[in-house]
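Worksheet: the structure to be examined is printed underneath.
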Amino acid sequence: MNIRPQTPAKRTVLVAGGAGFIGSHLCEALLERGERVICLDSFLTGREENILPLCNFRDFRMLRADVRVPVALRERIDRIYNLASPASPPHYQADPVHTMLTNVEGTARLLNLAQDNGARFLQASTSEVYGDPEIHPQNEDYPGRVSCTGPRACYDEGKRAAEALCFDYARSGLDMRVARIFNTYGPRMRPDDGRVVSNFLVQALNEQDITIYGKGEQTRSFCYVSDLVAGLIALMEVPTAPNSAINLGNPEEITILELARQVQALVPGNTRVVFRPLPEDDPRRRRPDISRARDLLHWAPQIALDRGLPETAAWFASAAASTLPPPRTTTPLSRAQS
Ligand code: NAD
Ligand code: UDP
């Protein structure tokens, strides 16, 4: 008898927010794994350039749509990654109601779609659910210290509500996973994104002042995008859904002042560091405890900042990024220092 080896069936994966920074890397990684990918995006902060190379894959399809609006899909969906939400403070604060509703209504719509399709669902949540934390590093059991009235609330509370919805659906049987993503950086961030790594690199490359908000004593822990994408896929594919959210991030913590110094050292030129007022509710310290991701997913970041930062600088210096506007900064200049 001639038994032909079975090829595993190709999965159909919906990536909401797939034209964004992380989403486009995720779509690419999924295509490389042999999945069929539908990228759903409204292009609010996503860009066609991010997904243009993916259009060469026969298994890639783009769907321009808003997650808040129901979509009719021809095919059965096996996996849904929900990354649809503006993520940088200036962008998510530009239309706070849209941000909140994208995270609440949009997530509810996608959870329904997952339920109707019997699909597995992964929510891209955030370290912002911990707010300005009192414990350090942050583990998944920490309930957070979040302002529900400040300028970051549309995002932080939108993501918290989205997590609550996800766990409600899980309790009624949906196979669901929540990734709490810590600060991620890398190629394909928008030069006008407004987050710190892209701002500092674009400023240094254009020989503009590097804008530090506050004294630069606040800390963040930066994860390179390929590490994060590997973590997202590992979480989606782990056979049994963890019974809690999972932190994904790089525990390598640095101050924002130190980040500025590293950028100055990396990019030759005469850039100065200038200090601007600290935005309201800006978290003082942030570092993930990734014990759970290590244990359950056997995942840990591989790319340290001293490798990821030059890669990202090289990308920003390339033609790919040069057609876009300069960085967006949030606050007026207060005092300057070289
Ligand atoms: P991004 O802004 O580059 O990507 C977000 C994508 O969502 C964009 O393509 C945007 O057009 C799309 N989008 C926004 N609103 C939409 C809507 N209503 N309907 C359809 N599409 C919509 O940001 P990113 O950094 O790639 O973040 C991706 C996800 O990861 C977000 O959900 C964000 O909250 C989460 N996250 C990111 C970080 C980080 O450091 N990059 C940290 C924590 C969480
Ligand atoms: N930040 C800064 N200069 C900038 C942009 C950001 O000093 O040009 C600071 C910001 O105040 C925050 C940190 O860098 O303390 C990280 O900011 P980002 O917007 O990247 O992410 P988040 O605050 O959401 O962690």
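Chain labels follow the order of the structure tokens: the first chain is A, the next B, and so on; residue numbering restarts at 1 in every chain, and ligands are counted from 1 in their shown order.
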Hey, what's within 12 Å of region 288-300 of chain A if we count only C-alpha atoms and toss same-chain stuff fewer than 6 positions away? As a PDB file with N, CA, C and O atoms, in the first residue's frame, please?
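The resulting file, part.pdb, is reproduced below:
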```
ATOM      1  N   THR A 126      -0.970  45.105  26.561  1.00  0.00           N
ATOM      2  CA  THR A 126       0.170  46.001  26.762  1.00  0.00           C
ATOM      3  C   THR A 126       0.594  46.083  28.225  1.00  0.00           C
ATOM      4  O   THR A 126      -0.234  45.904  29.131  1.00  0.00           O
ATOM      5  N   SER A 127       1.853  46.432  28.430  1.00  0.00           N
ATOM      6  CA  SER A 127       2.359  46.716  29.774  1.00  0.00           C
ATOM      7  C   SER A 127       1.648  47.927  30.381  1.00  0.00           C
ATOM      8  O   SER A 127       1.717  48.144  31.590  1.00  0.00           O
ATOM      9  N   GLU A 128       0.962  48.716  29.525  1.00  0.00           N
ATOM     10  CA  GLU A 128       0.225  49.872  30.037  1.00  0.00           C
ATOM     11  C   GLU A 128      -0.902  49.464  30.977  1.00  0.00           C
ATOM     12  O   GLU A 128      -1.415  50.302  31.715  1.00  0.00           O
ATOM     13  N   TYR A 130      -0.484  47.924  33.499  1.00  0.00           N
ATOM     14  CA  TYR A 130       0.100  48.086  34.841  1.00  0.00           C
ATOM     15  C   TYR A 130       0.179  49.572  35.227  1.00  0.00           C
ATOM     16  O   TYR A 130       0.497  49.887  36.371  1.00  0.00           O
ATOM     17  N   PRO A 133       3.570  51.592  37.767  1.00  0.00           N
ATOM     18  CA  PRO A 133       3.493  50.472  38.717  1.00  0.00           C
ATOM     19  C   PRO A 133       4.195  50.722  40.046  1.00  0.00           C
ATOM     20  O   PRO A 133       5.206  51.406  40.108  1.00  0.00           O
ATOM     21  N   ILE A 135       5.160  47.965  41.813  1.00  0.00           N
ATOM     22  CA  ILE A 135       6.069  46.833  41.997  1.00  0.00           C
ATOM     23  C   ILE A 135       6.993  46.747  40.788  1.00  0.00           C
ATOM     24  O   ILE A 135       6.654  47.193  39.685  1.00  0.00           O
ATOM     25  N   HIS A 136       8.161  46.155  41.034  1.00  0.00           N
ATOM     26  CA  HIS A 136       9.172  46.154  39.987  1.00  0.00           C
ATOM     27  C   HIS A 136      10.038  44.915  40.106  1.00  0.00           C
ATOM     28  O   HIS A 136      10.545  44.652  41.200  1.00  0.00           O
ATOM     29  N   PRO A 137      10.258  44.123  39.079  1.00  0.00           N
ATOM     30  CA  PRO A 137       9.611  44.213  37.766  1.00  0.00           C
ATOM     31  C   PRO A 137       8.131  43.826  37.861  1.00  0.00           C
ATOM     32  O   PRO A 137       7.690  43.352  38.920  1.00  0.00           O
ATOM     33  N   GLN A 138       7.417  44.009  36.770  1.00  0.00           N
ATOM     34  CA  GLN A 138       5.981  43.734  36.805  1.00  0.00           C
ATOM     35  C   GLN A 138       5.716  42.281  36.390  1.00  0.00           C
ATOM     36  O   GLN A 138       6.200  41.849  35.345  1.00  0.00           O
ATOM     37  N   ASN A 139       4.985  41.559  37.261  1.00  0.00           N
ATOM     38  CA  ASN A 139       4.546  40.217  36.847  1.00  0.00           C
ATOM     39  C   ASN A 139       3.053  40.263  36.546  1.00  0.00           C
ATOM     40  O   ASN A 139       2.379  41.236  36.845  1.00  0.00           O
ATOM     41  N   GLU A 140       2.559  39.163  35.990  1.00  0.00           N
ATOM     42  CA  GLU A 140       1.197  39.160  35.461  1.00  0.00           C
ATOM     43  C   GLU A 140       0.133  39.228  36.549  1.00  0.00           C
ATOM     44  O   GLU A 140      -1.028  39.549  36.266  1.00  0.00           O
ATOM     45  N   ASP A 141       0.497  38.924  37.799  1.00  0.00           N
ATOM     46  CA  ASP A 141      -0.504  38.957  38.871  1.00  0.00           C
ATOM     47  C   ASP A 141      -0.729  40.370  39.409  1.00  0.00           C
ATOM     48  O   ASP A 141      -1.682  40.617  40.138  1.00  0.00           O
ATOM     49  N   TYR A 142       0.178  41.281  39.064  1.00  0.00           N
ATOM     50  CA  TYR A 142       0.045  42.659  39.565  1.00  0.00           C
ATOM     51  C   TYR A 142      -1.153  43.330  38.879  1.00  0.00           C
ATOM     52  O   TYR A 142      -1.199  43.390  37.652  1.00  0.00           O
ATOM     53  N   VAL A 178      -3.734  36.106  25.837  1.00  0.00           N
ATOM     54  CA  VAL A 178      -3.467  37.546  25.937  1.00  0.00           C
ATOM     55  C   VAL A 178      -1.972  37.766  26.132  1.00  0.00           C
ATOM     56  O   VAL A 178      -1.384  37.256  27.089  1.00  0.00           O
ATOM     57  N   ALA A 179      -1.364  38.529  25.213  1.00  0.00           N
ATOM     58  CA  ALA A 179       0.050  38.910  25.353  1.00  0.00           C
ATOM     59  C   ALA A 179       0.124  40.337  25.884  1.00  0.00           C
ATOM     60  O   ALA A 179      -0.462  41.241  25.288  1.00  0.00           O
ATOM     61  N   ARG A 180       0.814  40.532  26.997  1.00  0.00           N
ATOM     62  CA  ARG A 180       1.057  41.905  27.480  1.00  0.00           C
ATOM     63  C   ARG A 180       2.420  42.335  26.951  1.00  0.00           C
ATOM     64  O   ARG A 180       3.470  41.915  27.473  1.00  0.00           O
ATOM     65  N   ILE A 181       2.380  43.150  25.926  1.00  0.00           N
ATOM     66  CA  ILE A 181       3.596  43.523  25.202  1.00  0.00           C
ATOM     67  C   ILE A 181       4.239  44.740  25.875  1.00  0.00           C
ATOM     68  O   ILE A 181       3.562  45.727  26.157  1.00  0.00           O
ATOM     69  N   PHE A 182       5.541  44.623  26.123  1.00  0.00           N
ATOM     70  CA  PHE A 182       6.312  45.768  26.643  1.00  0.00           C
ATOM     71  C   PHE A 182       6.976  46.474  25.451  1.00  0.00           C
ATOM     72  O   PHE A 182       7.039  45.918  24.352  1.00  0.00           O
ATOM     73  N   ASN A 183       7.506  47.666  25.696  1.00  0.00           N
ATOM     74  CA  ASN A 183       8.042  48.534  24.628  1.00  0.00           C
ATOM     75  C   ASN A 183       8.841  47.766  23.577  1.00  0.00           C
ATOM     76  O   ASN A 183       9.854  47.150  23.911  1.00  0.00           O
ATOM     77  N   THR A 219      12.512  54.751  33.330  1.00  0.00           N
ATOM     78  CA  THR A 219      13.111  53.606  32.632  1.00  0.00           C
ATOM     79  C   THR A 219      12.086  52.917  31.732  1.00  0.00           C
ATOM     80  O   THR A 219      10.881  53.001  31.963  1.00  0.00           O
ATOM     81  N   ARG A 220      12.597  52.242  30.732  1.00  0.00           N
ATOM     82  CA  ARG A 220      11.824  51.328  29.893  1.00  0.00           C
ATOM     83  C   ARG A 220      12.731  50.147  29.578  1.00  0.00           C
ATOM     84  O   ARG A 220      13.959  50.212  29.744  1.00  0.00           O
ATOM     85  N   SER A 221      12.133  49.082  29.075  1.00  0.00           N
ATOM     86  CA  SER A 221      12.866  47.868  28.715  1.00  0.00           C
ATOM     87  C   SER A 221      12.469  47.558  27.280  1.00  0.00           C
ATOM     88  O   SER A 221      11.288  47.330  27.013  1.00  0.00           O
ATOM     89  N   PHE A 222      13.419  47.586  26.372  1.00  0.00           N
ATOM     90  CA  PHE A 222      13.082  47.582  24.943  1.00  0.00           C
ATOM     91  C   PHE A 222      13.315  46.217  24.308  1.00  0.00           C
ATOM     92  O   PHE A 222      14.404  45.644  24.411  1.00  0.00           O
ATOM     93  N   CYS A 223      12.296  45.747  23.612  1.00  0.00           N
ATOM     94  CA  CYS A 223      12.337  44.429  22.969  1.00  0.00           C
ATOM     95  C   CYS A 223      12.412  44.614  21.452  1.00  0.00           C
ATOM     96  O   CYS A 223      11.655  45.403  20.879  1.00  0.00           O
ATOM     97  N   TYR A 224      13.327  43.882  20.822  1.00  0.00           N
ATOM     98  CA  TYR A 224      13.440  43.973  19.360  1.00  0.00           C
ATOM     99  C   TYR A 224      12.265  43.226  18.722  1.00  0.00           C
ATOM    100  O   TYR A 224      11.820  42.189  19.215  1.00  0.00           O
ATOM    101  N   SER A 226      11.655  41.291  16.163  1.00  0.00           N
ATOM    102  CA  SER A 226      11.637  39.869  15.764  1.00  0.00           C
ATOM    103  C   SER A 226      11.484  38.967  16.989  1.00  0.00           C
ATOM    104  O   SER A 226      10.834  37.918  16.924  1.00  0.00           O
ATOM    105  N   ASP A 227      12.057  39.385  18.120  1.00  0.00           N
ATOM    106  CA  ASP A 227      11.874  38.621  19.358  1.00  0.00           C
ATOM    107  C   ASP A 227      10.402  38.627  19.767  1.00  0.00           C
ATOM    108  O   ASP A 227       9.836  37.602  20.152  1.00  0.00           O
ATOM    109  N   LEU A 228       9.801  39.798  19.665  1.00  0.00           N
ATOM    110  CA  LEU A 228       8.408  39.917  20.090  1.00  0.00           C
ATOM    111  C   LEU A 228       7.511  39.044  19.216  1.00  0.00           C
ATOM    112  O   LEU A 228       6.641  38.315  19.721  1.00  0.00           O
ATOM    113  N   VAL A 229       7.748  39.099  17.903  1.00  0.00           N
ATOM    114  CA  VAL A 229       6.924  38.318  16.973  1.00  0.00           C
ATOM    115  C   VAL A 229       7.067  36.820  17.277  1.00  0.00           C
ATOM    116  O   VAL A 229       6.086  36.075  17.289  1.00  0.00           O
ATOM    117  N   ALA A 230       8.286  36.387  17.574  1.00  0.00           N
ATOM    118  CA  ALA A 230       8.487  34.969  17.932  1.00  0.00           C
ATOM    119  C   ALA A 230       7.679  34.632  19.189  1.00  0.00           C
ATOM    120  O   ALA A 230       7.077  33.550  19.276  1.00  0.00           O
ATOM    121  N   GLY A 231       7.632  35.550  20.129  1.00  0.00           N
ATOM    122  CA  GLY A 231       6.853  35.334  21.356  1.00  0.00           C
ATOM    123  C   GLY A 231       5.356  35.264  21.077  1.00  0.00           C
ATOM    124  O   GLY A 231       4.643  34.429  21.647  1.00  0.00           O
ATOM    125  N   LEU A 232       4.878  36.144  20.196  1.00  0.00           N
ATOM    126  CA  LEU A 232       3.438  36.134  19.868  1.00  0.00           C
ATOM    127  C   LEU A 232       3.047  34.801  19.225  1.00  0.00           C
ATOM    128  O   LEU A 232       2.026  34.203  19.578  1.00  0.00           O
ATOM    129  N   ILE A 233       3.884  34.334  18.303  1.00  0.00           N
ATOM    130  CA  ILE A 233       3.554  33.072  17.616  1.00  0.00           C
ATOM    131  C   ILE A 233       3.647  31.899  18.607  1.00  0.00           C
ATOM    132  O   ILE A 233       2.794  31.012  18.620  1.00  0.00           O
ATOM    133  N   ALA A 234       4.659  31.935  19.467  1.00  0.00           N
ATOM    134  CA  ALA A 234       4.793  30.864  20.466  1.00  0.00           C
ATOM    135  C   ALA A 234       3.563  30.824  21.372  1.00  0.00           C
ATOM    136  O   ALA A 234       3.046  29.743  21.708  1.00  0.00           O
ATOM    137  N   LEU A 235       3.077  32.000  21.768  1.00  0.00           N
ATOM    138  CA  LEU A 235       1.896  32.046  22.638  1.00  0.00           C
ATOM    139  C   LEU A 235       0.663  31.538  21.888  1.00  0.00           C
ATOM    140  O   LEU A 235      -0.148  30.797  22.449  1.00  0.00           O
ATOM    141  N   MET A 236       0.522  31.939  20.643  1.00  0.00           N
ATOM    142  CA  MET A 236      -0.633  31.460  19.862  1.00  0.00           C
ATOM    143  C   MET A 236      -0.585  29.950  19.692  1.00  0.00           C
ATOM    144  O   MET A 236      -1.593  29.269  19.744  1.00  0.00           O
ATOM    145  N   GLU A 237       0.597  29.406  19.483  1.00  0.00           N
ATOM    146  CA  GLU A 237       0.702  27.984  19.114  1.00  0.00           C
ATOM    147  C   GLU A 237       0.897  27.039  20.301  1.00  0.00           C
ATOM    148  O   GLU A 237       0.870  25.821  20.112  1.00  0.00           O
ATOM    149  N   VAL A 238       1.089  27.564  21.503  1.00  0.00           N
ATOM    150  CA  VAL A 238       1.228  26.655  22.645  1.00  0.00           C
ATOM    151  C   VAL A 238      -0.111  25.894  22.777  1.00  0.00           C
ATOM    152  O   VAL A 238      -1.190  26.490  22.698  1.00  0.00           O
ATOM    153  N   PRO A 239      -0.049  24.547  22.875  1.00  0.00           N
ATOM    154  CA  PRO A 239      -1.297  23.788  22.752  1.00  0.00           C
ATOM    155  C   PRO A 239      -2.375  24.168  23.774  1.00  0.00           C
ATOM    156  O   PRO A 239      -3.540  24.276  23.424  1.00  0.00           O
ATOM    157  N   THR A 240      -1.969  24.388  25.018  1.00  0.00           N
ATOM    158  CA  THR A 240      -2.979  24.714  26.034  1.00  0.00           C
ATOM    159  C   THR A 240      -2.913  26.200  26.364  1.00  0.00           C
ATOM    160  O   THR A 240      -1.834  26.714  26.680  1.00  0.00           O
ATOM    161  N   ALA A 241      -4.064  26.843  26.323  1.00  0.00           N
ATOM    162  CA  ALA A 241      -4.090  28.281  26.610  1.00  0.00           C
ATOM    163  C   ALA A 241      -3.683  28.520  28.067  1.00  0.00           C
ATOM    164  O   ALA A 241      -4.241  27.889  28.968  1.00  0.00           O
ATOM    165  N   PRO A 242      -2.705  29.407  28.302  1.00  0.00           N
ATOM    166  CA  PRO A 242      -2.367  29.740  29.696  1.00  0.00           C
ATOM    167  C   PRO A 242      -3.594  30.350  30.382  1.00  0.00           C
ATOM    168  O   PRO A 242      -4.421  30.980  29.721  1.00  0.00           O
ATOM    169  N   ASN A 243      -3.698  30.159  31.705  1.00  0.00           N
ATOM    170  CA  ASN A 243      -4.889  30.717  32.364  1.00  0.00           C
ATOM    171  C   ASN A 243      -4.672  32.134  32.882  1.00  0.00           C
ATOM    172  O   ASN A 243      -5.391  32.602  33.748  1.00  0.00           O
ATOM    173  N   SER A 244      -3.646  32.809  32.329  1.00  0.00           N
ATOM    174  CA  SER A 244      -3.474  34.235  32.644  1.00  0.00           C
ATOM    175  C   SER A 244      -2.892  34.919  31.415  1.00  0.00           C
ATOM    176  O   SER A 244      -2.486  34.233  30.466  1.00  0.00           O
ATOM    177  N   ALA A 245      -2.865  36.245  31.468  1.00  0.00           N
ATOM    178  CA  ALA A 245      -2.128  36.979  30.432  1.00  0.00           C
ATOM    179  C   ALA A 245      -0.643  36.636  30.564  1.00  0.00           C
ATOM    180  O   ALA A 245      -0.199  36.168  31.620  1.00  0.00           O
ATOM    181  N   ILE A 246       0.114  36.854  29.495  1.00  0.00           N
ATOM    182  CA  ILE A 246       1.547  36.539  29.510  1.00  0.00           C
ATOM    183  C   ILE A 246       2.338  37.789  29.097  1.00  0.00           C
ATOM    184  O   ILE A 246       2.083  38.369  28.035  1.00  0.00           O
ATOM    185  N   ASN A 247       3.299  38.172  29.954  1.00  0.00           N
ATOM    186  CA  ASN A 247       4.192  39.282  29.601  1.00  0.00           C
ATOM    187  C   ASN A 247       5.133  38.864  28.477  1.00  0.00           C
ATOM    188  O   ASN A 247       5.754  37.791  28.555  1.00  0.00           O
ATOM    189  N   LEU A 248       5.268  39.722  27.455  1.00  0.00           N
ATOM    190  CA  LEU A 248       6.290  39.523  26.422  1.00  0.00           C
ATOM    191  C   LEU A 248       7.096  40.810  26.313  1.00  0.00           C
ATOM    192  O   LEU A 248       6.541  41.881  26.011  1.00  0.00           O
ATOM    193  N   GLY A 249       8.370  40.713  26.592  1.00  0.00           N
ATOM    194  CA  GLY A 249       9.215  41.900  26.526  1.00  0.00           C
ATOM    195  C   GLY A 249      10.632  41.510  26.869  1.00  0.00           C
ATOM    196  O   GLY A 249      10.910  40.363  27.224  1.00  0.00           O
ATOM    197  N   ASN A 250      11.520  42.482  26.747  1.00  0.00           N
ATOM    198  CA  ASN A 250      12.924  42.242  27.072  1.00  0.00           C
ATOM    199  C   ASN A 250      13.230  42.863  28.437  1.00  0.00           C
ATOM    200  O   ASN A 250      13.047  44.075  28.608  1.00  0.00           O
ATOM    201  N   PRO A 251      13.670  42.085  29.417  1.00  0.00           N
ATOM    202  CA  PRO A 251      13.889  42.636  30.757  1.00  0.00           C
ATOM    203  C   PRO A 251      15.085  43.587  30.876  1.00  0.00           C
ATOM    204  O   PRO A 251      15.326  44.133  31.955  1.00  0.00           O
ATOM    205  N   GLU A 252      15.819  43.801  29.783  1.00  0.00           N
ATOM    206  CA  GLU A 252      16.982  44.713  29.818  1.00  0.00           C
ATOM    207  C   GLU A 252      16.457  46.156  29.984  1.00  0.00           C
ATOM    208  O   GLU A 252      15.932  46.746  29.044  1.00  0.00           O
ATOM    209  N   GLU A 253      16.645  46.713  31.191  1.00  0.00           N
ATOM    210  CA  GLU A 253      16.016  48.002  31.527  1.00  0.00           C
ATOM    211  C   GLU A 253      17.045  49.134  31.436  1.00  0.00           C
ATOM    212  O   GLU A 253      18.149  48.988  31.947  1.00  0.00           O
TER     213      GLU A 253
END
```
All residues within 6 Å of ligand 2 are required, counting only C-alpha atoms and all ligand atoms; please report them as a PyMOL selection string.
chain A and resi 88-89+183+194-196+199+211-213+218+256+278+282+329
Given the selection you just returned, output its residues as a file containing C-alpha atoms, formatted as a CSV table (one decimal), in the first residue's frame.
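Final output, out_32.csv:
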```
chain,number,residue,atom,x,y,z
A,88,SER,CA,2.1,55.5,20.3
A,89,PRO,CA,0.9,58.1,22.9
A,183,ASN,CA,8.0,48.5,24.6
A,194,GLY,CA,6.3,59.7,18.4
A,195,ARG,CA,7.7,56.9,20.5
A,196,VAL,CA,11.1,57.3,22.1
A,199,ASN,CA,12.1,59.9,17.8
A,211,THR,CA,14.1,65.5,23.1
A,212,ILE,CA,14.0,63.9,26.6
A,213,TYR,CA,10.8,64.3,28.5
A,218,GLN,CA,12.3,57.1,33.9
A,256,ILE,CA,15.7,57.3,28.8
A,278,LEU,CA,7.3,65.1,31.3
A,282,ASP,CA,4.1,59.0,32.3
A,329,THR,CA,6.9,65.4,19.9
```
Output the neighbourhood of ligand 1 as a ChimeraX atom specification, that is, all protein and nucleic acid residues with some atom at most 6 Å from the ligand, counting only C-alpha atoms and all ligand atoms.
/A:17-23,41-46,65-68,83-87,102,124-126,181-184
Selected residues written out, C-alpha atoms, as a PDB file, in the first residue's frame:
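After the write, out_38.pdb holds the following:
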```
ATOM      1  CA  GLY A  17      -3.646  45.765  12.542  1.00  0.00           C
ATOM      2  CA  GLY A  18      -1.380  43.827  10.172  1.00  0.00           C
ATOM      3  CA  ALA A  19      -0.204  46.889   8.227  1.00  0.00           C
ATOM      4  CA  GLY A  20       1.303  48.451  11.343  1.00  0.00           C
ATOM      5  CA  PHE A  21       4.813  48.175  12.744  1.00  0.00           C
ATOM      6  CA  ILE A  22       4.528  44.880  14.675  1.00  0.00           C
ATOM      7  CA  GLY A  23       1.635  43.581  12.563  1.00  0.00           C
ATOM      8  CA  ASP A  41      -6.264  47.269   8.673  1.00  0.00           C
ATOM      9  CA  SER A  42      -7.825  50.721   8.431  1.00  0.00           C
ATOM     10  CA  PHE A  43      -4.399  52.325   7.763  1.00  0.00           C
ATOM     11  CA  LEU A  44      -4.916  54.750  10.622  1.00  0.00           C
ATOM     12  CA  THR A  45      -1.256  54.412  11.618  1.00  0.00           C
ATOM     13  CA  GLY A  46      -0.335  51.469   9.387  1.00  0.00           C
ATOM     14  CA  ALA A  65     -11.481  47.770   7.044  1.00  0.00           C
ATOM     15  CA  ASP A  66     -12.108  49.110  10.515  1.00  0.00           C
ATOM     16  CA  VAL A  67     -12.296  46.505  13.287  1.00  0.00           C
ATOM     17  CA  ARG A  68     -15.225  48.366  14.782  1.00  0.00           C
ATOM     18  CA  LEU A  83      -3.189  44.108  17.011  1.00  0.00           C
ATOM     19  CA  ALA A  84      -5.541  46.801  15.767  1.00  0.00           C
ATOM     20  CA  SER A  85      -5.061  49.911  17.881  1.00  0.00           C
ATOM     21  CA  PRO A  86      -2.919  53.004  17.626  1.00  0.00           C
ATOM     22  CA  ALA A  87      -0.038  52.382  20.035  1.00  0.00           C
ATOM     23  CA  THR A 102     -11.249  50.339  18.691  1.00  0.00           C
ATOM     24  CA  ALA A 124      -2.141  42.175  21.765  1.00  0.00           C
ATOM     25  CA  SER A 125      -2.436  43.793  25.171  1.00  0.00           C
ATOM     26  CA  THR A 126       0.170  46.001  26.762  1.00  0.00           C
ATOM     27  CA  ILE A 181       3.596  43.523  25.202  1.00  0.00           C
ATOM     28  CA  PHE A 182       6.312  45.768  26.643  1.00  0.00           C
ATOM     29  CA  ASN A 183       8.042  48.534  24.628  1.00  0.00           C
ATOM     30  CA  THR A 184       8.992  47.111  21.246  1.00  0.00           C
TER      31      THR A 184
END
```
Out of region 70-250 of chain A, which residues get strand (DSSP E or B) from DSSP, as a ChimeraX atom specification?
/A:79-82,120-126,131,138,145,176-181,184-185,210-213,219-221,223-224,246-248
Got time to write the residues from that selection, C-alpha atoms, as a PDB file, in the first residue's frame?
```pdb
ATOM      1  CA  ARG A  79      -6.437  32.021  14.026  1.00  0.00           C
ATOM      2  CA  ILE A  80      -7.049  35.689  14.850  1.00  0.00           C
ATOM      3  CA  TYR A  81      -4.346  38.038  16.119  1.00  0.00           C
ATOM      4  CA  ASN A  82      -5.805  41.358  17.274  1.00  0.00           C
ATOM      5  CA  ARG A 120      -8.065  30.567  18.287  1.00  0.00           C
ATOM      6  CA  PHE A 121      -7.681  34.216  19.369  1.00  0.00           C
ATOM      7  CA  LEU A 122      -4.663  36.227  20.539  1.00  0.00           C
ATOM      8  CA  GLN A 123      -5.051  39.717  21.960  1.00  0.00           C
ATOM      9  CA  ALA A 124      -2.141  42.175  21.765  1.00  0.00           C
ATOM     10  CA  SER A 125      -2.436  43.793  25.171  1.00  0.00           C
ATOM     11  CA  THR A 126       0.170  46.001  26.762  1.00  0.00           C
ATOM     12  CA  GLY A 131      -0.007  51.911  34.551  1.00  0.00           C
ATOM     13  CA  GLN A 138       5.981  43.734  36.805  1.00  0.00           C
ATOM     14  CA  ARG A 145      -2.107  51.342  39.000  1.00  0.00           C
ATOM     15  CA  MET A 176      -7.931  32.703  23.781  1.00  0.00           C
ATOM     16  CA  ARG A 177      -4.518  34.070  24.744  1.00  0.00           C
ATOM     17  CA  VAL A 178      -3.467  37.546  25.937  1.00  0.00           C
ATOM     18  CA  ALA A 179       0.050  38.910  25.353  1.00  0.00           C
ATOM     19  CA  ARG A 180       1.057  41.905  27.480  1.00  0.00           C
ATOM     20  CA  ILE A 181       3.596  43.523  25.202  1.00  0.00           C
ATOM     21  CA  THR A 184       8.992  47.111  21.246  1.00  0.00           C
ATOM     22  CA  TYR A 185      11.123  48.748  18.572  1.00  0.00           C
ATOM     23  CA  ILE A 210      17.162  64.740  21.005  1.00  0.00           C
ATOM     24  CA  THR A 211      14.059  65.455  23.088  1.00  0.00           C
ATOM     25  CA  ILE A 212      14.047  63.939  26.551  1.00  0.00           C
ATOM     26  CA  TYR A 213      10.779  64.305  28.458  1.00  0.00           C
ATOM     27  CA  THR A 219      13.111  53.606  32.632  1.00  0.00           C
ATOM     28  CA  ARG A 220      11.824  51.328  29.893  1.00  0.00           C
ATOM     29  CA  SER A 221      12.866  47.868  28.715  1.00  0.00           C
ATOM     30  CA  CYS A 223      12.337  44.429  22.969  1.00  0.00           C
ATOM     31  CA  TYR A 224      13.440  43.973  19.360  1.00  0.00           C
ATOM     32  CA  ILE A 246       1.547  36.539  29.510  1.00  0.00           C
ATOM     33  CA  ASN A 247       4.192  39.282  29.601  1.00  0.00           C
ATOM     34  CA  LEU A 248       6.290  39.523  26.422  1.00  0.00           C
TER      35      LEU A 248
END
```
If you run DSSP on the backbone, which residues of region 30-196 of chain A are alpha helix (DSSP H), as JSON, numbers by chain?
{"A": [30, 31, 32, 48, 49, 50, 51, 89, 90, 91, 92, 93, 94, 96, 97, 98, 99, 100, 101, 107, 108, 109, 110, 111, 112, 113, 114, 115, 116, 117, 153, 154, 155, 156, 157, 158, 159, 160, 161, 162, 163, 164, 165, 166, 167, 168, 169, 170, 171, 196]}
Would you kindly return, as a list of chain:residue names, each protein, DNA or RNA residue with an atom no farther than 7 Å from any atom of Ala162 (chain A), considering only C-alpha atoms and excluding same-chain residues fewer than 2 positions away?
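After dropping sequence-adjacent residues, the list is A:Asn103, A:Val104, A:Thr107, A:Gly158, A:Lys159, A:Arg160, A:Ala164, A:Leu165, A:Cys166.
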Using only C-alpha atoms: which of A:Gln302, A:Val15, A:Pro187, A:Arg284 has the shortest distance to Trp315 (chain A):
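Checking each of A:Gln302, A:Val15, A:Pro187, A:Arg284 against Trp315 (chain A), counting only C-alpha atoms, the winner is A:Pro187.
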Minimum-distance residue to Glu258 (chain A), chosen among A:Ala72, A:Ala161, A:Ala317, A:Val273 (using only C-alpha atoms):
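For Glu258 (chain A), the nearest of the candidates is A:Val273.
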Using only C-alpha atoms, determine which residues lie at most 7 Å from Val263 (chain A), disregarding the query and same-chain residues fewer than 4 positions distant; provide the list as a PyMOL selection string.
chain A and resi 200-201+259+267
Between CA of Gln208 (chain A) and CA of Arg190 (chain A), what is the distance in Å, rounded to a tenth?
17.1 Å
